[in-house]
$ cat my_file-v3.pdb   # PDB, C-alpha atoms
ATOM      1  CA  MET A   1     -60.118 -51.491  49.030
ATOM      2  CA  ALA A   2     -63.549 -52.215  50.406
ATOM      3  CA  ASN A   3     -63.715 -55.654  51.998
ATOM      4  CA  PRO A   4     -65.552 -58.155  49.820
ATOM      5  CA  LEU A   5     -69.137 -58.927  50.720
ATOM      6  CA  GLU A   6     -69.619 -62.116  52.689
ATOM      7  CA  ASN A   7     -71.564 -63.608  49.800
ATOM      8  CA  GLU A   8     -69.679 -61.938  46.956
ATOM      9  CA  ASP A   9     -68.478 -65.173  45.392
ATOM     10  CA  GLN A  10     -72.020 -66.511  45.481
ATOM     11  CA  LEU A  11     -73.321 -63.339  43.850
ATOM     12  CA  TYR A  12     -70.799 -63.647  41.010
ATOM     13  CA  SER A  13     -71.749 -67.320  40.670
ATOM     14  CA  GLN A  14     -75.405 -66.320  40.508
ATOM     15  CA  ILE A  15     -74.656 -63.744  37.790
ATOM     16  CA  SER A  16     -72.871 -66.416  35.795
ATOM     17  CA  ARG A  17     -75.315 -69.258  36.454
ATOM     18  CA  GLU A  18     -78.451 -67.240  35.762
ATOM     19  CA  GLN A  19     -76.782 -65.341  32.926
ATOM     20  CA  ILE A  20     -77.778 -62.051  34.468
ATOM     21  CA  LYS A  21     -77.235 -59.229  31.995
ATOM     22  CA  THR A  22     -76.908 -55.544  32.675
ATOM     23  CA  PRO A  23     -78.617 -53.391  30.038
ATOM     24  CA  ALA A  24     -76.145 -51.422  27.949
ATOM     25  CA  ILE A  25     -77.776 -48.122  28.825
ATOM     26  CA  LEU A  26     -76.906 -48.608  32.497
ATOM     27  CA  TRP A  27     -73.255 -49.407  31.860
ATOM     28  CA  ASP A  28     -73.151 -46.484  29.494
ATOM     29  CA  LEU A  29     -74.364 -44.172  32.237
ATOM     30  CA  ILE A  30     -72.018 -45.678  34.812
ATOM     31  CA  TYR A  31     -68.975 -45.410  32.550
ATOM     32  CA  HIS A  32     -69.870 -41.938  31.384
ATOM     33  CA  ARG A  33     -70.745 -40.267  34.669
ATOM     34  CA  ILE A  34     -68.765 -42.212  37.236
ATOM     35  CA  GLY A  35     -66.008 -42.622  34.643
ATOM     36  CA  ASP A  36     -65.640 -38.850  34.340
ATOM     37  CA  ASP A  37     -65.685 -38.390  38.096
ATOM     38  CA  ILE A  38     -62.980 -40.908  38.800
ATOM     39  CA  THR A  39     -60.915 -39.666  35.866
ATOM     40  CA  VAL A  40     -60.809 -36.199  37.439
ATOM     41  CA  ILE A  41     -59.907 -37.654  40.838
ATOM     42  CA  SER A  42     -57.196 -39.819  39.228
ATOM     43  CA  LEU A  43     -55.681 -36.841  37.434
ATOM     44  CA  ILE A  44     -55.593 -34.787  40.625
ATOM     45  CA  THR A  45     -54.038 -37.498  42.787
ATOM     46  CA  GLY A  46     -51.742 -38.650  39.982
ATOM     47  CA  HIS A  47     -50.352 -35.142  39.674
ATOM     48  CA  ALA A  48     -49.863 -34.789  43.436
ATOM     49  CA  LEU A  49     -48.029 -38.109  43.644
ATOM     50  CA  ARG A  50     -45.867 -37.286  40.677
ATOM     51  CA  MET A  51     -44.924 -33.905  42.093
ATOM     52  CA  GLY A  52     -44.572 -35.244  45.640
ATOM     53  CA  GLU A  53     -46.846 -32.487  46.877
ATOM     54  CA  PRO A  54     -49.883 -32.587  49.180
ATOM     55  CA  LEU A  55     -53.326 -32.013  47.708
ATOM     56  CA  SER A  56     -54.210 -28.361  47.865
ATOM     57  CA  VAL A  57     -57.441 -27.362  49.590
ATOM     58  CA  GLU A  58     -58.893 -26.387  46.223
ATOM     59  CA  ASP A  59     -58.034 -29.779  44.674
ATOM     60  CA  ALA A  60     -59.414 -31.604  47.697
ATOM     61  CA  GLN A  61     -62.679 -29.687  47.376
ATOM     62  CA  VAL A  62     -62.918 -30.713  43.717
ATOM     63  CA  ILE A  63     -62.436 -34.352  44.736
ATOM     64  CA  LEU A  64     -65.217 -34.018  47.311
ATOM     65  CA  LYS A  65     -67.540 -32.573  44.686
ATOM     66  CA  HIS A  66     -66.888 -35.528  42.383
ATOM     67  CA  THR A  67     -67.403 -38.079  45.145
ATOM     68  CA  GLN A  68     -70.770 -36.434  45.769
ATOM     69  CA  ASP A  69     -71.616 -36.847  42.094
ATOM     70  CA  ILE A  70     -70.685 -40.545  42.239
ATOM     71  CA  LYS A  71     -72.985 -40.991  45.237
ATOM     72  CA  GLU A  72     -75.832 -39.317  43.372
ATOM     73  CA  ILE A  73     -75.356 -41.569  40.337
ATOM     74  CA  LEU A  74     -75.337 -44.664  42.557
ATOM     75  CA  GLU A  75     -78.509 -43.490  44.271
ATOM     76  CA  GLY A  76     -80.044 -42.791  40.882
ATOM     77  CA  ILE A  77     -79.257 -46.283  39.653
ATOM     78  CA  ARG A  78     -80.868 -47.677  42.790
ATOM     79  CA  ASP A  79     -83.957 -45.496  42.445
ATOM     80  CA  PRO A  80     -84.197 -43.976  38.951
ATOM     81  CA  ASP A  81     -87.775 -42.772  39.443
ATOM     82  CA  GLN A  82     -86.698 -40.475  42.215
ATOM     83  CA  ALA A  83     -83.434 -39.433  40.564
ATOM     84  CA  VAL A  84     -85.035 -38.417  37.289
ATOM     85  CA  GLU A  85     -86.624 -35.372  38.925
ATOM     86  CA  LYS A  86     -83.174 -33.902  39.465
ATOM     87  CA  ASN A  87     -81.214 -35.610  36.749
ATOM     88  CA  PRO A  88     -82.432 -36.030  33.150
ATOM     89  CA  ALA A  89     -79.749 -38.665  32.548
ATOM     90  CA  PHE A  90     -82.197 -41.146  34.085
ATOM     91  CA  LEU A  91     -85.096 -40.241  31.799
ATOM     92  CA  GLU A  92     -84.732 -43.072  29.307
ATOM     93  CA  ILE A  93     -83.961 -45.564  32.060
ATOM     94  CA  CYS A  94     -87.248 -44.629  33.746
ATOM     95  CA  ARG A  95     -89.225 -44.561  30.540
ATOM     96  CA  LYS A  96     -88.074 -48.064  29.621
ATOM     97  CA  ASN A  97     -88.317 -49.214  33.228
ATOM     98  CA  ILE A  98     -84.739 -50.482  33.148
ATOM     99  CA  ARG A  99     -83.349 -51.714  36.443
ATOM    100  CA  LEU A 100     -80.049 -53.099  37.608
ATOM    101  CA  HIS A 101     -80.322 -56.690  38.775
ATOM    102  CA  PRO A 102     -80.032 -56.812  42.604
ATOM    103  CA  ALA A 103     -77.032 -59.157  42.457
ATOM    104  CA  VAL A 104     -75.092 -56.713  40.279
ATOM    105  CA  GLY A 105     -76.391 -53.707  42.205
ATOM    106  CA  THR A 106     -75.357 -55.159  45.543
ATOM    107  CA  ILE A 107     -71.738 -55.649  44.493
ATOM    108  CA  LEU A 108     -71.537 -52.325  42.673
ATOM    109  CA  ASN A 109     -73.005 -50.338  45.530
ATOM    110  CA  HIS A 110     -71.025 -52.062  48.224
ATOM    111  CA  HIS A 111     -67.638 -51.471  46.645
ATOM    112  CA  ILE A 112     -68.093 -48.058  45.110
ATOM    113  CA  ALA A 113     -70.010 -46.629  48.053
ATOM    114  CA  ASN A 114     -67.381 -47.864  50.502
ATOM    115  CA  ASP A 115     -64.465 -46.617  48.471
ATOM    116  CA  VAL A 116     -66.144 -43.253  47.924
ATOM    117  CA  PHE A 117     -66.928 -43.013  51.621
ATOM    118  CA  SER A 118     -63.290 -43.726  52.446
ATOM    119  CA  ILE A 119     -62.183 -40.991  50.061
ATOM    120  CA  ASN A 120     -64.630 -38.619  51.702
ATOM    121  CA  MET A 121     -63.305 -39.469  55.130
ATOM    122  CA  ALA A 122     -59.690 -39.092  54.041
ATOM    123  CA  ILE A 123     -60.351 -35.624  52.725
ATOM    124  CA  GLY A 124     -63.142 -34.419  54.967
ATOM    125  CA  LEU A 125     -60.878 -34.492  57.969
ATOM    126  CA  TYR A 126     -58.695 -31.799  56.473
ATOM    127  CA  LEU A 127     -61.463 -29.660  55.018
ATOM    128  CA  SER A 128     -63.924 -29.714  57.855
ATOM    129  CA  SER A 129     -62.294 -27.177  60.135
ATOM    130  CA  LYS A 130     -62.636 -23.408  59.853
ATOM    131  CA  ASN A 131     -59.151 -23.349  58.432
ATOM    132  CA  PRO A 132     -59.019 -26.136  55.848
ATOM    133  CA  GLU A 133     -55.625 -27.721  55.355
ATOM    134  CA  ALA A 134     -53.806 -29.310  52.443
ATOM    135  CA  VAL A 135     -54.286 -33.086  52.339
ATOM    136  CA  PRO A 136     -51.022 -34.993  52.966
ATOM    137  CA  LEU A 137     -49.439 -37.018  50.221
ATOM    138  CA  GLU A 138     -50.104 -40.298  52.036
ATOM    139  CA  GLU A 139     -53.831 -39.601  51.789
ATOM    140  CA  ALA A 140     -53.484 -38.796  48.085
ATOM    141  CA  LYS A 141     -51.874 -42.197  47.648
ATOM    142  CA  GLU A 142     -54.732 -43.857  49.519
ATOM    143  CA  ILE A 143     -57.287 -42.038  47.367
ATOM    144  CA  SER A 144     -55.445 -43.093  44.240
ATOM    145  CA  ILE A 145     -55.606 -46.740  45.342
ATOM    146  CA  ARG A 146     -59.331 -46.442  46.124
ATOM    147  CA  VAL A 147     -60.003 -44.995  42.695
ATOM    148  CA  SER A 148     -58.126 -47.859  41.034
ATOM    149  CA  MET A 149     -60.283 -50.271  43.002
ATOM    150  CA  ILE A 150     -63.457 -48.593  41.756
ATOM    151  CA  ARG A 151     -62.224 -49.022  38.187
ATOM    152  CA  GLU A 152     -61.464 -52.678  38.825
ATOM    153  CA  VAL A 153     -64.906 -53.374  40.260
ATOM    154  CA  MET A 154     -66.624 -51.612  37.370
ATOM    155  CA  ASP A 155     -64.632 -53.621  34.839
ATOM    156  CA  LYS A 156     -65.087 -56.939  36.628
ATOM    157  CA  LEU A 157     -68.830 -56.488  36.988
ATOM    158  CA  ARG A 158     -69.239 -55.267  33.423
ATOM    159  CA  GLU A 159     -67.452 -58.327  32.129
ATOM    160  CA  ALA A 160     -69.475 -60.622  34.387
ATOM    161  CA  SER A 161     -72.823 -59.212  33.283
ATOM    162  CA  MET A 162     -72.239 -57.915  29.792
ATOM    163  CA  CYS A 163     -74.922 -58.401  27.162
ATOM    164  CA  GLU A 164     -74.249 -60.618  24.183
ATOM    165  CA  GLY A 165     -72.360 -58.731  21.520
ATOM    166  CA  GLY A 166     -72.089 -55.819  23.906
ATOM    167  CA  PHE A 167     -69.029 -53.805  24.751
TER     168      PHE A 167
ATOM    169  CA  MET B   1     -37.786 -30.924  19.280
ATOM    170  CA  SER B   2     -39.357 -27.577  20.124
ATOM    171  CA  GLN B   3     -42.028 -27.299  22.767
ATOM    172  CA  LEU B   4     -44.995 -29.422  21.747
ATOM    173  CA  LYS B   5     -48.545 -28.121  21.784
ATOM    174  CA  LEU B   6     -51.353 -30.202  23.254
ATOM    175  CA  LEU B   7     -55.079 -29.525  22.986
ATOM    176  CA  VAL B   8     -57.398 -31.137  25.553
ATOM    177  CA  VAL B   9     -61.113 -31.297  24.700
ATOM    178  CA  ASP B  10     -63.647 -32.613  27.197
ATOM    179  CA  ASP B  11     -66.982 -31.301  28.409
ATOM    180  CA  GLU B  12     -65.933 -32.203  31.939
ATOM    181  CA  GLU B  13     -64.062 -29.058  32.871
ATOM    182  CA  GLY B  14     -62.055 -30.799  35.585
ATOM    183  CA  ILE B  15     -60.544 -33.244  33.115
ATOM    184  CA  VAL B  16     -59.436 -30.376  30.871
ATOM    185  CA  ARG B  17     -57.986 -28.376  33.733
ATOM    186  CA  TYR B  18     -56.084 -31.205  35.392
ATOM    187  CA  ALA B  19     -54.840 -32.801  32.185
ATOM    188  CA  GLN B  20     -53.507 -29.394  31.144
ATOM    189  CA  ARG B  21     -51.735 -29.030  34.473
ATOM    190  CA  ILE B  22     -50.092 -32.436  34.157
ATOM    191  CA  TYR B  23     -48.792 -31.817  30.634
ATOM    192  CA  GLU B  24     -47.670 -28.264  31.304
ATOM    193  CA  LYS B  25     -45.432 -29.760  33.967
ATOM    194  CA  GLN B  26     -44.079 -32.071  31.279
ATOM    195  CA  GLY B  27     -43.142 -29.104  29.119
ATOM    196  CA  PHE B  28     -46.105 -28.935  26.747
ATOM    197  CA  ILE B  29     -47.846 -25.745  25.742
ATOM    198  CA  THR B  30     -51.451 -26.682  26.424
ATOM    199  CA  PHE B  31     -54.862 -25.467  25.343
ATOM    200  CA  GLY B  32     -58.228 -26.533  26.668
ATOM    201  CA  ALA B  33     -61.779 -26.552  25.371
ATOM    202  CA  THR B  34     -64.996 -27.822  26.914
ATOM    203  CA  ASP B  35     -66.858 -28.040  23.613
ATOM    204  CA  GLY B  36     -66.088 -29.095  20.065
ATOM    205  CA  VAL B  37     -66.692 -25.747  18.376
ATOM    206  CA  THR B  38     -64.167 -23.975  20.609
ATOM    207  CA  ALA B  39     -61.767 -26.854  20.083
ATOM    208  CA  VAL B  40     -61.892 -26.452  16.299
ATOM    209  CA  GLU B  41     -61.325 -22.698  16.630
ATOM    210  CA  ILE B  42     -58.306 -23.282  18.860
ATOM    211  CA  PHE B  43     -57.022 -25.913  16.457
ATOM    212  CA  LYS B  44     -57.221 -23.493  13.513
ATOM    213  CA  LYS B  45     -55.356 -20.808  15.422
ATOM    214  CA  GLU B  46     -52.778 -22.803  17.363
ATOM    215  CA  GLN B  47     -52.234 -25.937  15.250
ATOM    216  CA  PRO B  48     -51.529 -28.186  18.239
ATOM    217  CA  ASP B  49     -49.264 -31.192  17.666
ATOM    218  CA  ILE B  50     -51.489 -33.540  19.640
ATOM    219  CA  SER B  51     -55.209 -33.300  20.350
ATOM    220  CA  LEU B  52     -56.900 -35.294  23.066
ATOM    221  CA  ILE B  53     -60.616 -35.333  22.267
ATOM    222  CA  ASP B  54     -63.491 -36.726  24.305
ATOM    223  CA  ILE B  55     -66.028 -38.350  22.001
ATOM    224  CA  HIS B  56     -69.108 -38.132  24.168
ATOM    225  CA  MET B  57     -69.836 -34.468  24.937
ATOM    226  CA  PRO B  58     -73.593 -34.089  25.426
ATOM    227  CA  TYR B  59     -73.234 -30.437  26.402
ATOM    228  CA  SER B  60     -71.253 -29.501  23.305
ATOM    229  CA  PRO B  61     -72.863 -28.295  20.053
ATOM    230  CA  ILE B  62     -70.785 -30.913  18.215
ATOM    231  CA  ASP B  63     -69.556 -34.222  19.590
ATOM    232  CA  GLY B  64     -66.010 -35.516  19.540
ATOM    233  CA  ILE B  65     -66.465 -37.385  16.260
ATOM    234  CA  GLU B  66     -67.597 -34.236  14.459
ATOM    235  CA  THR B  67     -64.773 -32.311  16.142
ATOM    236  CA  LEU B  68     -62.321 -34.883  14.824
ATOM    237  CA  ARG B  69     -63.833 -34.665  11.335
ATOM    238  CA  GLN B  70     -63.499 -30.872  11.255
ATOM    239  CA  ILE B  71     -59.952 -30.968  12.607
ATOM    240  CA  LYS B  72     -58.983 -33.512   9.966
ATOM    241  CA  GLU B  73     -60.411 -31.176   7.310
ATOM    242  CA  ILE B  74     -58.062 -28.470   8.555
ATOM    243  CA  ASN B  75     -55.075 -30.799   8.793
ATOM    244  CA  LYS B  76     -55.405 -34.370   7.611
ATOM    245  CA  ASP B  77     -52.193 -35.302   9.441
ATOM    246  CA  ALA B  78     -53.393 -34.009  12.801
ATOM    247  CA  VAL B  79     -52.545 -36.442  15.596
ATOM    248  CA  CYS B  80     -55.786 -36.975  17.483
ATOM    249  CA  ILE B  81     -56.266 -39.258  20.464
ATOM    250  CA  MET B  82     -59.901 -40.005  21.141
ATOM    251  CA  VAL B  83     -61.190 -40.527  24.653
ATOM    252  CA  THR B  84     -64.300 -42.622  25.001
ATOM    253  CA  ARG B  85     -65.929 -45.181  27.190
ATOM    254  CA  ILE B  86     -65.512 -48.859  26.650
ATOM    255  CA  THR B  87     -69.251 -49.229  26.061
ATOM    256  CA  ASP B  88     -69.098 -47.113  22.913
ATOM    257  CA  LYS B  89     -67.825 -49.433  20.181
ATOM    258  CA  THR B  90     -69.561 -47.578  17.345
ATOM    259  CA  SER B  91     -67.783 -44.299  18.007
ATOM    260  CA  ILE B  92     -64.439 -46.020  18.314
ATOM    261  CA  GLU B  93     -64.931 -47.446  14.834
ATOM    262  CA  GLN B  94     -66.045 -44.079  13.427
ATOM    263  CA  ALA B  95     -63.002 -42.376  14.918
ATOM    264  CA  ARG B  96     -60.723 -44.974  13.431
ATOM    265  CA  LYS B  97     -62.241 -44.450   9.985
ATOM    266  CA  LEU B  98     -61.744 -40.700  10.300
ATOM    267  CA  GLY B  99     -58.058 -41.225  10.959
ATOM    268  CA  ALA B 100     -57.778 -40.924  14.727
ATOM    269  CA  PHE B 101     -54.294 -41.868  15.871
ATOM    270  CA  HIS B 102     -55.415 -43.786  18.926
ATOM    271  CA  TYR B 103     -58.211 -44.124  21.423
ATOM    272  CA  ILE B 104     -58.333 -44.627  25.156
ATOM    273  CA  THR B 105     -61.240 -45.462  27.380
ATOM    274  CA  LYS B 106     -62.526 -43.718  30.482
ATOM    275  CA  PRO B 107     -62.129 -43.967  33.371
ATOM    276  CA  LEU B 108     -58.476 -43.239  32.933
ATOM    277  CA  GLY B 109     -55.497 -42.348  35.041
ATOM    278  CA  VAL B 110     -52.310 -40.413  34.455
ATOM    279  CA  GLU B 111     -50.433 -43.529  33.305
ATOM    280  CA  ASP B 112     -53.064 -44.288  30.661
ATOM    281  CA  LEU B 113     -52.777 -40.773  29.298
ATOM    282  CA  ASP B 114     -48.984 -40.806  29.386
ATOM    283  CA  LYS B 115     -48.849 -44.013  27.393
ATOM    284  CA  VAL B 116     -50.810 -42.668  24.426
ATOM    285  CA  VAL B 117     -49.303 -39.195  24.572
ATOM    286  CA  ASN B 118     -45.828 -40.737  24.491
ATOM    287  CA  GLU B 119     -46.832 -42.871  21.516
ATOM    288  CA  ALA B 120     -48.084 -39.734  19.796
ATOM    289  CA  LYS B 121     -44.782 -38.009  20.525
ATOM    290  CA  GLU B 122     -42.948 -40.929  18.938
ATOM    291  CA  LYS B 123     -45.129 -40.666  15.851
ATOM    292  CA  LEU B 124     -44.348 -36.943  15.571
ATOM    293  CA  LYS B 125     -40.614 -37.680  15.621
ATOM    294  CA  LYS B 126     -40.896 -39.878  12.532
TER     295      LYS B 126
END

$ encode --input "my_file-v3.pdb" --output "structure tokens"
Amino acid sequence: MANPLENEDQLYSQISREQIKTPAILWDLIYHRIGDDITVISLITGHALRMGEPLSVEDAQVILKHTQDIKEILEGIRDPDQAVEKNPAFLEICRKNIRLHPAVGTILNHHIANDVFSINMAIGLYLSSKNPEAVPLEEAKEISIRVSMIREVMDKLREASMCEGGF
Amino acid sequence: MSQLKLLVVDDEEGIVRYAQRIYEKQGFITFGATDGVTAVEIFKKEQPDISLIDIHMPYSPIDGIETLRQIKEINKDAVCIMVTRITDKTSIEQARKLGAFHYITKPLGVEDLDKVVNEAKEKLKK
């Protein structure tokens, strides 16, 4: 799991104290897009762990593709105006000028970006050579843990900054 | 019990592919669809015992709720598990009214899927 930010407790306190709310449309996008990505990664690693088999090169490449998608969504949430040119999912967010509060964005980006980076590193090592190799089971376990952490952060932040009557 | 049939419907192709792989290993005969129209066609032909249907499919001609409605028209006792996101309370309620057996929220892992699929299997035994 990504180490907590130095000021993470203060940021959560700020969210609570200032009653910072995250617009539903942003959580909807996060849960839809990042939710799908980490579901695919979970299914791949879950299968490998269950079967006691390493991740095949093909499966590892699929995981990499989904981590790239997560990065793009995070970047889009940070800068929707730029992202909308490539991704119509950000159209309404731009039109309504909806932005994630910096306190929420800081926690979200820190944890997800770090966990995704760790997944990339775990896999990239085995795929980067001219002869890509299967990813050992221990790495699949690590990826599975990272993915669980991403889910936890999403849920914790959503609960901390949910709108009234929302979700 | 003879080999059970499972239909997986999600516009994210990876979810369909990997969920099918997991349940084939568990002895299911599986079918996959990345849109609601294909799902309904497969349902008519194969009559799966359990259907796992994503509600939010922006790239499908019909969404998961309409897919559920059409499947229930074909077989009102169809066991359908709806997959949605926690932010979508309205669809969860609609699915319930249409007779969905259960719902689960994304992001999900293998254990989450197993739990509802096992509950569905129990229901089929009764």

$ interface_residues --input "my_file-v3.pdb" --of "chain A" --to "chain B" --cutoff "6 Å" --atoms "only C-alpha atoms" --output "list in words"
Asp28, Gly35, Thr39, Val40, Ser42, Leu43, Gly46 and Phe167 of chain A

$ resolve_selection --input "my_file-v3.pdb" --expression "the PyMOL selection byres ((chain A and resi 50-59) around 8)" --output "compact mmCIF listing (two decimals) with C-alpha atoms, keeping the file's coordinate frame"
# COMPACT_ATOMS: atom_id res chain seq x y z
CA ILE A 44 -55.59 -34.79 40.62
CA THR A 45 -54.04 -37.50 42.79
CA GLY A 46 -51.74 -38.65 39.98
CA HIS A 47 -50.35 -35.14 39.67
CA ALA A 48 -49.86 -34.79 43.44
CA LEU A 49 -48.03 -38.11 43.64
CA ALA A 60 -59.41 -31.60 47.70
CA GLN A 61 -62.68 -29.69 47.38
CA VAL A 62 -62.92 -30.71 43.72
CA ILE A 63 -62.44 -34.35 44.74
CA LEU A 127 -61.46 -29.66 55.02
CA PRO A 132 -59.02 -26.14 55.85
CA GLU A 133 -55.62 -27.72 55.36
CA ALA A 134 -53.81 -29.31 52.44
CA VAL A 135 -54.29 -33.09 52.34
CA PRO A 136 -51.02 -34.99 52.97
CA LEU A 137 -49.44 -37.02 50.22
CA ALA A 140 -53.48 -38.80 48.08

$ resolve_selection --input "my_file-v3.pdb" --expression "the PyMOL selection byres ((chain A and resi 96-110) around 10)" --output "VMD selection string"
chain A and resid 2 to 5 7 to 8 10 to 15 20 to 23 25 to 27 71 74 to 75 77 to 81 90 to 95 111 to 115 150 153 to 154 156 to 158 160 to 161

$ atom_distance --input "my_file-v3.pdb" --atom1 "CA of Lys126 in chain B" --atom2 "CA of Val8 in chain B"
22.8 Å

$ residues_around --input "my_file-v3.pdb" --residues "Glu41 in chain B" --least-positions-apart "6" --cutoff "10 Å" --atoms "all atoms listed in the file" --output "PyMOL selection string"
chain B and resi 33+47+71

$ atom_distance --input "my_file-v3.pdb" --atom1 "CA of Ile53 in chain B" --atom2 "CA of Phe101 in chain B"
11.1 Å

$ residues_around --input "my_file-v3.pdb" --residues "Phe31 in chain B" --least-positions-apart "4" --cutoff "9 Å" --atoms "only C-alpha atoms" --output "list in words"
Lys5, Leu6, Leu7, Val8, Val9, Val16, Gln20, Ala39, Ile42, Glu46 and Pro48 of chain B

$ atom_distance --input "my_file-v3.pdb" --atom1 "CA of His66 in chain A" --atom2 "CA of Asn120 in chain A"
10.1 Å
